[in-house]
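The structure appears right after this line, and notes come after that.
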Amino acid sequence: MQIGMVGSDGTVLASDTQWTRNIETTIAGRSIGRVIRSWTNRSKIKTNGNMVVSCALDKKTANSTAEAILLRFDGNDPQGSIEEIGEGIPDSERWDAQGLIVIPPFQLYRYQLAMQNGQWTPFCEPSDMFDIAGDMGTPAIFWIHRHYQPWLTVEQLTPIAAQFVMSSHHLNTAGIGGLEVVVCKESGNEFLPREETIKLQKVANDRDRTIEKMIFGD
């Protein structure tokens with residue numbers, strides 16, 4: 001689950017860190033109808049110092065796509081770049097992948113690779129204000145629609161991004177968890193330290209509980 005927001009002095013990119021995998025139980029290559037769900041917590045954001053890329057959905061395809069984007073993406077031709085990268089993925093590894101790209105300070109893009117109507121369809125477009133990747137249908141997007149404004153600084157946007165990711169977790173605990181944040185400015189890209197992201201998580205959780213108490217009482 002990722003959110004990118006363009007502010008007055010740069011762009012904030014926030015993501016959860018949970019990779020979820022459904023392992024289908026098979027015998028002699030045949031499914032026996034049982035699925036084992038497992039997950040790990042690892043970063044979903046990569047950078048080469050000049051560009052920041054997040055990745056979601058299928059881990060292997062998303063990771064390799066993000067690495068290719070860091071090497072070959074051209075912000076002047078986002079669709080052509082992602083098509084070239086997508087066509088280089090072997091047929092056996094063409095699983096759904098999605099993510100966000102930030103070229104500091106203000107360029108934000110969302111990319112997607114998916115099978116649509118039997119066709120492998122790489123897609124990328126710029127976003128002037130904000131965009132999300134991962135669980136695209138999450139109701140937690142309310143926080144962004146309600147509170148995002150383009151004149152806010154990245155410092156002001158960061159708590160909103162954290163609230164969005166944390167609320168997404170409560171709505172989809174099986175697929176979303178953890179938090180990491182990158183602040184992208186003209187001067188460079190900064191991953192917030194672990195202690196700061198933990199504080200953001202706690203504040204977001206406490207805010208949820210406060211709203212709950214306001215509605216239902218103690």
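Labels for the structure tokens follow display order: chains A, B, ..., residues from 1 in each chain, ligands from 1.
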
Could you give me, as JSON lines, a per-residue list for stretch 60-151 of chain A showing, wherever an atom lies at most 10 Å from an atom of stretch 168-181 of chain A, the closest pair of atoms and their distance in Å to one decimal, using only C-alpha atoms and sorting by chain then residue number from low to high?
{"residue": "A:Gly134", "atom": "CA", "partner": "A:Ile176", "partner_atom": "CA", "distance": 9.3}
{"residue": "A:Asp135", "atom": "CA", "partner": "A:Ser168", "partner_atom": "CA", "distance": 8.3}
{"residue": "A:Gly137", "atom": "CA", "partner": "A:Ser168", "partner_atom": "CA", "distance": 9.9}
{"residue": "A:Thr138", "atom": "CA", "partner": "A:Ser168", "partner_atom": "CA", "distance": 6.4}
{"residue": "A:Pro139", "atom": "CA", "partner": "A:Ser168", "partner_atom": "CA", "distance": 7.6}
{"residue": "A:Ala140", "atom": "CA", "partner": "A:Ser168", "partner_atom": "CA", "distance": 5.4}
{"residue": "A:Ile141", "atom": "CA", "partner": "A:Ser168", "partner_atom": "CA", "distance": 8.3}

**Study point:** Residue contacts of A:Ser8 (12 Å, only C-alpha atoms) excluding same-chain residues fewer than 4 positions away, as number ranges by chain
**Key:** A: 12, 104-106, 128-129, 148-157, 184-186

Next, dump the selected residues to file, keeping only C-alpha atoms, as a PDB file, in the first residue's frame.
ATOM      1  CA  VAL A  12       6.285  12.432   0.164  1.00  0.00           C
ATOM      2  CA  PRO A 104      12.471  14.977  -6.981  1.00  0.00           C
ATOM      3  CA  PRO A 105      11.232  17.398  -6.253  1.00  0.00           C
ATOM      4  CA  PHE A 106       7.807  17.325  -7.938  1.00  0.00           C
ATOM      5  CA  ASP A 128       0.309  16.187 -10.567  1.00  0.00           C
ATOM      6  CA  MET A 129      -1.068  15.974  -7.013  1.00  0.00           C
ATOM      7  CA  TYR A 148      -4.432  16.796   1.005  1.00  0.00           C
ATOM      8  CA  GLN A 149      -3.673  20.256  -0.365  1.00  0.00           C
ATOM      9  CA  PRO A 150      -0.863  21.042  -2.831  1.00  0.00           C
ATOM     10  CA  TRP A 151       0.336  24.035  -0.795  1.00  0.00           C
ATOM     11  CA  LEU A 152       1.189  21.878   2.226  1.00  0.00           C
ATOM     12  CA  THR A 153       4.868  21.147   2.893  1.00  0.00           C
ATOM     13  CA  VAL A 154       6.268  17.620   2.970  1.00  0.00           C
ATOM     14  CA  GLU A 155       6.528  17.954   6.754  1.00  0.00           C
ATOM     15  CA  GLN A 156       2.782  18.642   6.906  1.00  0.00           C
ATOM     16  CA  LEU A 157       1.934  15.879   4.403  1.00  0.00           C
ATOM     17  CA  CYS A 184      11.950  13.719  -1.662  1.00  0.00           C
ATOM     18  CA  LYS A 185      13.249  17.257  -2.091  1.00  0.00           C
ATOM     19  CA  GLU A 186      15.509  19.018  -4.561  1.00  0.00           C
TER      20      GLU A 186
END

**Study point:** Which residue of A:Leu192, A:Ile69, A:Ile89, A:Met214 approaches A:Trp120 most closely, using only C-alpha atoms
**Key:**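 Of A:Leu192, A:Ile69, A:Ile89, A:Met214, the one nearest A:Trp120 is A:Ile89, counting only C-alpha atoms.
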
Check your understanding: Which of these residues is nearest to A:Lys44, using only C-alpha atoms: A:Gln98, A:Thr121, A:Asn205, A:Gln107?
Key ->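 Checking each candidate against A:Lys44, we get A:Gln98 as the closest.
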
**Study point:** Nearby residues (only C-alpha atoms) at most 10 Å from A:Asp77, same-chain spacing under 4 positions excluded, as number ranges by chain
**Key:** A: 73, 81-82, 124-125

Review point. In Å, with one decimal, what is the gap from atom CA of A:Glu83 to atom CA of A:Val52?
Key: 18.9 Å

Practice item. Could you tell me which of A:Gln112, A:Thr20, A:Gln163, A:Thr210 comes closest to A:Lys59 if we count only C-alpha atoms? Key: A:Thr20

With DSSP run on the backbone, what are the strand (DSSP E) residues within stretch 44-209 of chain A? I'd like them as a tab-separated table (two decimals) with all heavy atoms, in the first residue's frame.
chain	number	residue	atom	x	y	z
A	45	ILE	N	10.45	0.15	-1.00
A	45	ILE	CA	10.91	1.37	-1.67
A	45	ILE	C	12.38	1.25	-2.00
A	45	ILE	O	13.20	0.86	-1.15
A	45	ILE	CB	10.67	2.62	-0.80
A	45	ILE	CG1	9.18	2.78	-0.50
A	45	ILE	CG2	11.20	3.86	-1.49
A	45	ILE	CD1	8.85	3.95	0.41
A	46	LYS	N	12.74	1.57	-3.25
A	46	LYS	CA	14.13	1.52	-3.70
A	46	LYS	C	14.54	2.90	-4.22
A	46	LYS	O	13.70	3.67	-4.70
A	46	LYS	CB	14.30	0.49	-4.82
A	46	LYS	CG	13.92	-0.94	-4.44
A	46	LYS	CD	14.04	-1.88	-5.63
A	46	LYS	CE	13.65	-3.30	-5.28
A	46	LYS	NZ	14.63	-3.91	-4.37
A	47	THR	N	15.83	3.20	-4.15
A	47	THR	CA	16.32	4.47	-4.68
A	47	THR	C	17.73	4.30	-5.23
A	47	THR	O	18.49	3.44	-4.78
A	47	THR	CB	16.31	5.57	-3.60
A	47	THR	OG1	16.76	6.81	-4.18
A	47	THR	CG2	17.21	5.19	-2.43
A	52	VAL	N	13.22	7.67	-6.76
A	52	VAL	CA	12.68	6.77	-5.73
A	52	VAL	C	11.54	5.99	-6.35
A	52	VAL	O	10.67	6.56	-7.02
A	52	VAL	CB	12.19	7.55	-4.50
A	52	VAL	CG1	11.65	6.60	-3.45
A	52	VAL	CG2	13.32	8.40	-3.91
A	53	VAL	N	11.53	4.65	-6.15
A	53	VAL	CA	10.51	3.79	-6.74
A	53	VAL	C	9.94	2.87	-5.67
A	53	VAL	O	10.69	2.24	-4.92
A	53	VAL	CB	11.09	2.93	-7.88
A	53	VAL	CG1	9.99	2.07	-8.51
A	53	VAL	CG2	11.75	3.81	-8.93
A	54	SER	N	8.62	2.79	-5.59
A	54	SER	CA	7.96	1.83	-4.70
A	54	SER	C	7.43	0.67	-5.53
A	54	SER	O	7.25	0.80	-6.75
A	54	SER	CB	6.82	2.48	-3.92
A	54	SER	OG	5.73	2.79	-4.79
A	56	ALA	N	4.69	-2.97	-5.40
A	56	ALA	CA	3.63	-3.69	-4.70
A	56	ALA	C	3.12	-4.83	-5.57
A	56	ALA	O	3.49	-4.97	-6.73
A	56	ALA	CB	2.48	-2.74	-4.34
A	57	LEU	N	2.23	-5.64	-4.98
A	57	LEU	CA	1.60	-6.82	-5.58
A	57	LEU	C	2.62	-7.96	-5.68
A	57	LEU	O	3.23	-8.29	-4.67
A	57	LEU	CB	0.96	-6.46	-6.93
A	57	LEU	CG	-0.09	-5.33	-6.87
A	57	LEU	CD1	-0.70	-5.09	-8.23
A	57	LEU	CD2	-1.15	-5.59	-5.82
A	97	ALA	N	2.07	-6.21	-11.10
A	97	ALA	CA	2.96	-5.38	-10.30
A	97	ALA	C	2.53	-3.93	-10.45
A	97	ALA	O	1.98	-3.54	-11.49
A	97	ALA	CB	4.42	-5.55	-10.73
A	98	GLN	N	2.78	-3.15	-9.43
A	98	GLN	CA	2.33	-1.76	-9.43
A	98	GLN	C	3.21	-0.97	-8.48
A	98	GLN	O	3.82	-1.53	-7.56
A	98	GLN	CB	0.87	-1.71	-8.97
A	98	GLN	CG	0.15	-0.41	-9.24
A	98	GLN	CD	-1.30	-0.51	-8.81
A	98	GLN	OE1	-1.60	-0.55	-7.63
A	98	GLN	NE2	-2.21	-0.57	-9.78
A	99	GLY	N	3.28	0.33	-8.68
A	99	GLY	CA	4.06	1.15	-7.76
A	99	GLY	C	4.07	2.60	-8.19
A	99	GLY	O	3.40	3.00	-9.15
A	100	LEU	N	4.86	3.39	-7.45
A	100	LEU	CA	4.97	4.82	-7.69
A	100	LEU	C	6.43	5.17	-7.96
A	100	LEU	O	7.35	4.53	-7.45
A	100	LEU	CB	4.47	5.61	-6.49
A	100	LEU	CG	3.02	5.35	-6.08
A	100	LEU	CD1	2.70	6.07	-4.77
A	100	LEU	CD2	2.05	5.79	-7.17
A	101	ILE	N	6.62	6.20	-8.76
A	101	ILE	CA	7.96	6.70	-9.10
A	101	ILE	C	8.02	8.18	-8.74
A	101	ILE	O	7.11	8.94	-9.08
A	101	ILE	CB	8.25	6.54	-10.60
A	101	ILE	CG1	8.09	5.07	-11.03
A	101	ILE	CG2	9.64	7.06	-10.95
A	101	ILE	CD1	8.03	4.89	-12.55
A	102	VAL	N	9.07	8.59	-8.05
A	102	VAL	CA	9.28	10.00	-7.73
A	102	VAL	C	10.63	10.44	-8.28
A	102	VAL	O	11.66	9.84	-7.98
A	102	VAL	CB	9.23	10.28	-6.22
A	102	VAL	CG1	9.47	11.76	-5.95
A	102	VAL	CG2	7.89	9.86	-5.63
A	103	ILE	N	10.62	11.49	-9.10
A	103	ILE	CA	11.83	12.18	-9.50
A	103	ILE	C	11.77	13.55	-8.83
A	103	ILE	O	10.96	14.39	-9.19
A	103	ILE	CB	11.94	12.33	-11.03
A	103	ILE	CG1	11.90	10.96	-11.71
A	103	ILE	CG2	13.20	13.08	-11.41
A	103	ILE	CD1	11.91	11.01	-13.22
A	107	GLN	N	8.06	15.47	-9.55
A	107	GLN	CA	7.54	14.55	-10.56
A	107	GLN	C	7.12	13.23	-9.90
A	107	GLN	O	7.92	12.54	-9.27
A	107	GLN	CB	8.61	14.27	-11.63
A	107	GLN	CG	8.91	15.48	-12.51
A	107	GLN	CD	10.01	15.16	-13.50
A	107	GLN	OE1	11.19	15.40	-13.26
A	107	GLN	NE2	9.62	14.61	-14.65
A	108	LEU	N	5.84	12.90	-10.06
A	108	LEU	CA	5.26	11.69	-9.50
A	108	LEU	C	4.56	10.90	-10.59
A	108	LEU	O	3.82	11.47	-11.41
A	108	LEU	CB	4.25	12.05	-8.39
A	108	LEU	CG	3.42	10.91	-7.79
A	108	LEU	CD1	4.30	9.93	-7.02
A	108	LEU	CD2	2.33	11.48	-6.88
A	109	TYR	N	4.79	9.58	-10.64
A	109	TYR	CA	4.18	8.72	-11.64
A	109	TYR	C	3.66	7.45	-10.96
A	109	TYR	O	4.21	6.99	-9.97
A	109	TYR	CB	5.20	8.28	-12.70
A	109	TYR	CG	5.96	9.40	-13.36
A	109	TYR	CD1	7.11	9.94	-12.75
A	109	TYR	CD2	5.56	9.92	-14.59
A	109	TYR	CE1	7.81	10.96	-13.36
A	109	TYR	CE2	6.27	10.95	-15.20
A	109	TYR	CZ	7.39	11.47	-14.57
A	109	TYR	OH	8.10	12.49	-15.16
A	110	ARG	N	2.61	6.88	-11.54
A	110	ARG	CA	2.15	5.55	-11.13
A	110	ARG	C	2.33	4.59	-12.30
A	110	ARG	O	1.91	4.89	-13.42
A	110	ARG	CB	0.68	5.55	-10.70
A	110	ARG	CG	0.16	4.14	-10.33
A	110	ARG	CD	-1.23	4.21	-9.71
A	110	ARG	NE	-2.18	4.88	-10.58
A	110	ARG	CZ	-2.85	4.30	-11.56
A	110	ARG	NH1	-2.65	3.01	-11.83
A	110	ARG	NH2	-3.72	4.98	-12.29
A	111	TYR	N	2.95	3.44	-12.04
A	111	TYR	CA	3.13	2.44	-13.09
A	111	TYR	C	2.38	1.16	-12.71
A	111	TYR	O	2.11	0.90	-11.54
A	111	TYR	CB	4.61	2.13	-13.31
A	111	TYR	CG	5.28	1.37	-12.19
A	111	TYR	CD1	5.31	-0.02	-12.17
A	111	TYR	CD2	5.89	2.06	-11.14
A	111	TYR	CE1	5.93	-0.71	-11.14
A	111	TYR	CE2	6.51	1.38	-10.11
A	111	TYR	CZ	6.53	0.00	-10.11
A	111	TYR	OH	7.14	-0.68	-9.08
A	112	GLN	N	2.03	0.40	-13.72
A	112	GLN	CA	1.31	-0.85	-13.51
A	112	GLN	C	1.63	-1.82	-14.63
A	112	GLN	O	1.73	-1.43	-15.80
A	112	GLN	CB	-0.20	-0.60	-13.48
A	112	GLN	CG	-1.05	-1.86	-13.36
A	112	GLN	CD	-2.52	-1.53	-13.24
A	112	GLN	OE1	-2.94	-0.82	-12.34
A	112	GLN	NE2	-3.31	-2.01	-14.18
A	113	LEU	N	1.83	-3.09	-14.27
A	113	LEU	CA	1.99	-4.16	-15.25
A	113	LEU	C	0.98	-5.23	-14.90
A	113	LEU	O	0.93	-5.69	-13.75
A	113	LEU	CB	3.40	-4.73	-15.22
A	113	LEU	CG	4.52	-3.74	-15.53
A	113	LEU	CD1	5.14	-3.23	-14.24
A	113	LEU	CD2	5.59	-4.39	-16.40
A	114	ALA	N	0.15	-5.64	-15.87
A	114	ALA	CA	-0.90	-6.62	-15.58
A	114	ALA	C	-1.35	-7.30	-16.86
A	114	ALA	O	-1.18	-6.76	-17.96
A	114	ALA	CB	-2.09	-5.92	-14.91
A	115	MET	N	-1.93	-8.49	-16.70
A	115	MET	CA	-2.58	-9.17	-17.81
A	115	MET	C	-4.02	-8.67	-17.89
A	115	MET	O	-4.78	-8.80	-16.93
A	115	MET	CB	-2.55	-10.68	-17.60
A	115	MET	CG	-1.17	-11.29	-17.59
A	115	MET	SD	-0.27	-11.11	-19.16
A	115	MET	CE	-1.30	-12.08	-20.26
A	116	GLN	N	-4.39	-8.08	-19.00
A	116	GLN	CA	-5.74	-7.57	-19.20
A	116	GLN	C	-6.28	-8.12	-20.51
A	116	GLN	O	-5.71	-7.88	-21.58
A	116	GLN	CB	-5.75	-6.03	-19.21
A	116	GLN	CG	-5.29	-5.43	-17.90
A	116	GLN	CD	-5.30	-3.91	-17.92
A	116	GLN	OE1	-5.27	-3.28	-18.97
A	116	GLN	NE2	-5.37	-3.31	-16.75
A	119	GLN	N	-3.82	-9.91	-22.54
A	119	GLN	CA	-2.70	-9.15	-23.07
A	119	GLN	C	-1.85	-8.59	-21.92
A	119	GLN	O	-2.38	-8.11	-20.92
A	119	GLN	CB	-3.19	-8.00	-23.95
A	119	GLN	CG	-3.96	-8.43	-25.18
A	119	GLN	CD	-3.09	-9.16	-26.17
A	119	GLN	OE1	-1.96	-8.77	-26.43
A	119	GLN	NE2	-3.62	-10.24	-26.76
A	120	TRP	N	-0.54	-8.66	-22.07
A	120	TRP	CA	0.39	-8.07	-21.11
A	120	TRP	C	0.39	-6.56	-21.34
A	120	TRP	O	0.70	-6.08	-22.43
A	120	TRP	CB	1.78	-8.65	-21.34
A	120	TRP	CG	2.86	-8.17	-20.42
A	120	TRP	CD1	4.03	-7.60	-20.81
A	120	TRP	CD2	2.92	-8.27	-19.00
A	120	TRP	NE1	4.82	-7.33	-19.72
A	120	TRP	CE2	4.16	-7.73	-18.59
A	120	TRP	CE3	2.04	-8.75	-18.03
A	120	TRP	CZ2	4.53	-7.66	-17.25
A	120	TRP	CZ3	2.42	-8.69	-16.70
A	120	TRP	CH2	3.64	-8.15	-16.32
A	121	THR	N	-0.01	-5.79	-20.30
A	121	THR	CA	-0.28	-4.37	-20.49
A	121	THR	C	0.52	-3.51	-19.52
A	121	THR	O	0.05	-3.19	-18.43
A	121	THR	CB	-1.79	-4.09	-20.30
A	121	THR	OG1	-2.54	-5.03	-21.08
A	121	THR	CG2	-2.14	-2.68	-20.74
A	122	PRO	N	1.72	-3.09	-19.88
A	122	PRO	CA	2.47	-2.13	-19.07
A	122	PRO	C	1.87	-0.73	-19.22
A	122	PRO	O	1.48	-0.32	-20.32
A	122	PRO	CB	3.88	-2.18	-19.65
A	122	PRO	CG	3.92	-3.41	-20.52
A	122	PRO	CD	2.52	-3.58	-21.01
A	123	PHE	N	1.81	0.01	-18.12
A	123	PHE	CA	1.14	1.32	-18.13
A	123	PHE	C	1.83	2.25	-17.16
A	123	PHE	O	2.24	1.84	-16.07
A	123	PHE	CB	-0.33	1.14	-17.74
A	123	PHE	CG	-1.08	2.43	-17.51
A	123	PHE	CD1	-1.58	3.15	-18.57
A	123	PHE	CD2	-1.26	2.92	-16.22
A	123	PHE	CE1	-2.26	4.34	-18.37
A	123	PHE	CE2	-1.95	4.10	-16.01
A	123	PHE	CZ	-2.45	4.81	-17.08
A	124	CYS	N	1.97	3.52	-17.53
A	124	CYS	CA	2.55	4.52	-16.63
A	124	CYS	C	2.02	5.89	-16.99
A	124	CYS	O	1.92	6.24	-18.18
A	124	CYS	CB	4.08	4.51	-16.72
A	124	CYS	SG	4.90	5.60	-15.53
A	125	GLU	N	1.66	6.68	-15.98
A	125	GLU	CA	1.19	8.03	-16.23
A	125	GLU	C	1.63	8.96	-15.09
A	125	GLU	O	1.82	8.52	-13.95
A	125	GLU	CB	-0.33	8.08	-16.37
A	125	GLU	CG	-1.09	7.75	-15.10
A	125	GLU	CD	-2.59	7.88	-15.29
A	125	GLU	OE1	-3.02	8.28	-16.38
A	125	GLU	OE2	-3.33	7.60	-14.33
A	126	PRO	N	1.80	10.25	-15.39
A	126	PRO	CA	2.19	11.21	-14.35
A	126	PRO	C	1.00	11.58	-13.47
A	126	PRO	O	-0.15	11.50	-13.89
A	126	PRO	CB	2.69	12.41	-15.15
A	126	PRO	CG	1.96	12.32	-16.45
A	126	PRO	CD	1.77	10.87	-16.73
A	127	SER	N	1.31	12.00	-12.25
A	127	SER	CA	0.29	12.47	-11.31
A	127	SER	C	0.75	13.83	-10.78
A	127	SER	O	1.83	13.95	-10.22
A	127	SER	CB	0.13	11.50	-10.14
A	127	SER	OG	-0.23	10.21	-10.59
A	130	PHE	N	-1.53	13.69	-6.23
A	130	PHE	CA	-1.27	12.50	-5.43
A	130	PHE	C	-1.72	11.28	-6.20
A	130	PHE	O	-2.51	11.36	-7.14
A	130	PHE	CB	-1.97	12.56	-4.06
A	130	PHE	CG	-3.47	12.55	-4.13
A	130	PHE	CD1	-4.17	11.36	-4.25
A	130	PHE	CD2	-4.19	13.74	-4.07
A	130	PHE	CE1	-5.56	11.34	-4.31
A	130	PHE	CE2	-5.58	13.73	-4.13
A	130	PHE	CZ	-6.26	12.54	-4.24
A	131	ASP	N	-1.21	10.12	-5.78
A	131	ASP	CA	-1.62	8.85	-6.38
A	131	ASP	C	-1.33	7.73	-5.39
A	131	ASP	O	-0.51	7.90	-4.48
A	131	ASP	CB	-0.89	8.59	-7.70
A	131	ASP	CG	-1.77	7.86	-8.71
A	131	ASP	OD1	-2.64	7.06	-8.27
A	131	ASP	OD2	-1.59	8.08	-9.91
A	132	ILE	N	-2.02	6.59	-5.58
A	132	ILE	CA	-1.81	5.44	-4.71
A	132	ILE	C	-1.52	4.20	-5.54
A	132	ILE	O	-1.85	4.14	-6.72
A	132	ILE	CB	-3.01	5.18	-3.78
A	132	ILE	CG1	-4.25	4.76	-4.58
A	132	ILE	CG2	-3.31	6.39	-2.91
A	132	ILE	CD1	-5.41	4.30	-3.69
A	133	ALA	N	-0.89	3.22	-4.90
A	133	ALA	CA	-0.62	1.92	-5.53
A	133	ALA	C	-0.82	0.83	-4.51
A	133	ALA	O	-0.66	1.06	-3.31
A	133	ALA	CB	0.81	1.88	-6.08
A	180	GLU	N	6.97	2.80	6.10
A	180	GLU	CA	8.23	3.48	5.78
A	180	GLU	C	7.90	4.73	4.97
A	180	GLU	O	6.91	4.77	4.23
A	180	GLU	CB	9.19	2.57	5.01
A	180	GLU	CG	8.66	2.08	3.68
A	180	GLU	CD	9.66	1.18	2.95
A	180	GLU	OE1	10.88	1.35	3.15
A	180	GLU	OE2	9.21	0.30	2.18
A	181	VAL	N	8.71	5.76	5.15
A	181	VAL	CA	8.43	7.04	4.51
A	181	VAL	C	9.72	7.62	3.93
A	181	VAL	O	10.77	7.58	4.59
A	181	VAL	CB	7.84	8.06	5.53
A	181	VAL	CG1	7.56	9.39	4.85
A	181	VAL	CG2	6.59	7.51	6.19
A	182	VAL	N	9.61	8.13	2.71
A	182	VAL	CA	10.73	8.83	2.09
A	182	VAL	C	10.28	10.24	1.74
A	182	VAL	O	9.22	10.43	1.13
A	182	VAL	CB	11.22	8.13	0.80
A	182	VAL	CG1	12.43	8.85	0.23
A	182	VAL	CG2	11.56	6.69	1.08
A	183	VAL	N	11.06	11.22	2.14
A	183	VAL	CA	10.80	12.62	1.80
A	183	VAL	C	11.74	13.00	0.66
A	183	VAL	O	12.97	12.86	0.78
A	183	VAL	CB	11.03	13.54	3.02
A	183	VAL	CG1	10.92	15.00	2.61
A	183	VAL	CG2	10.02	13.22	4.11
A	184	CYS	N	11.18	13.45	-0.45
A	184	CYS	CA	11.95	13.72	-1.66
A	184	CYS	C	11.94	15.23	-1.94
A	184	CYS	O	10.90	15.80	-2.27
A	184	CYS	CB	11.35	12.98	-2.85
A	184	CYS	SG	11.10	11.21	-2.57
A	185	LYS	N	13.10	15.84	-1.82
A	185	LYS	CA	13.25	17.26	-2.09
A	185	LYS	C	14.35	17.47	-3.13
A	185	LYS	O	15.08	16.54	-3.48
A	185	LYS	CB	13.59	18.01	-0.81
A	185	LYS	CG	12.51	18.02	0.25
A	185	LYS	CD	12.93	18.90	1.43
A	185	LYS	CE	11.85	19.02	2.46
A	185	LYS	NZ	12.24	19.90	3.59
A	188	GLY	N	17.68	16.29	-2.04
A	188	GLY	CA	17.94	14.87	-1.89
A	188	GLY	C	16.76	14.10	-1.33
A	188	GLY	O	15.71	14.68	-1.01
A	189	ASN	N	16.92	12.78	-1.20
A	189	ASN	CA	15.87	11.91	-0.70
A	189	ASN	C	16.27	11.38	0.68
A	189	ASN	O	17.39	10.92	0.88
A	189	ASN	CB	15.66	10.72	-1.65
A	189	ASN	CG	15.48	11.17	-3.08
A	189	ASN	OD1	14.70	12.07	-3.37
A	189	ASN	ND2	16.20	10.54	-4.01
A	190	GLU	N	15.33	11.45	1.63
A	190	GLU	CA	15.63	11.03	3.00
A	190	GLU	C	14.61	10.00	3.47
A	190	GLU	O	13.41	10.29	3.54
A	190	GLU	CB	15.61	12.22	3.94
A	190	GLU	CG	15.89	11.85	5.40
A	190	GLU	CD	15.73	13.01	6.36
A	190	GLU	OE1	15.33	14.11	5.91
A	190	GLU	OE2	15.98	12.81	7.56
A	191	PHE	N	15.07	8.79	3.79
A	191	PHE	CA	14.23	7.81	4.47
A	191	PHE	C	14.12	8.22	5.94
A	191	PHE	O	15.14	8.44	6.60
A	191	PHE	CB	14.85	6.41	4.39
A	191	PHE	CG	14.64	5.69	3.10
A	191	PHE	CD1	15.43	5.97	2.00
A	191	PHE	CD2	13.64	4.73	2.98
A	191	PHE	CE1	15.25	5.30	0.80
A	191	PHE	CE2	13.44	4.06	1.78
A	191	PHE	CZ	14.24	4.34	0.69

Check your understanding: Pick the closest to A:Phe164 from A:Asn48, A:Gln201, A:Ser187, A:Thr61: which is it, counting only C-alpha atoms?
Key ->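 Residue with the minimum atom-to-atom distance to A:Phe164: A:Gln201.
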
Check your understanding: By how many Å are atom CA of A:Thr197 and atom CA of A:Asn41 apart?
Key ->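 Computing it gives 14.3 Å between the two atoms.
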
Check your understanding: Residues of stretch 3-176 of chain A in helix (DSSP H, G or I) according to DSSP, as an NGL selection string?
Key -> :A and (59-72 or 78-87 or 91-93 or 139-147 or 154-171)

Exercise for review: Tell me which of A:Thr40, A:Arg146, A:Asp9, A:Ala14 sits closest to A:Pro159, counting only C-alpha atoms.
Suggested key: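 Once distances to A:Pro159 are computed over only C-alpha atoms, the minimum belongs to A:Ala14.
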
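Distances here use only C-alpha atoms; by that measure, the residue among A:Ala62, A:Ala162, A:Pro90, A:Gly118 closest to A:Gln2 is A:Ala162.
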
Check your understanding: Could you work out how far atom CA of A:Asp16 lies from atom CA of A:Glu212, giving the answer in Å with one decimal?
Key ->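 These atoms are spaced 23.0 Å apart.
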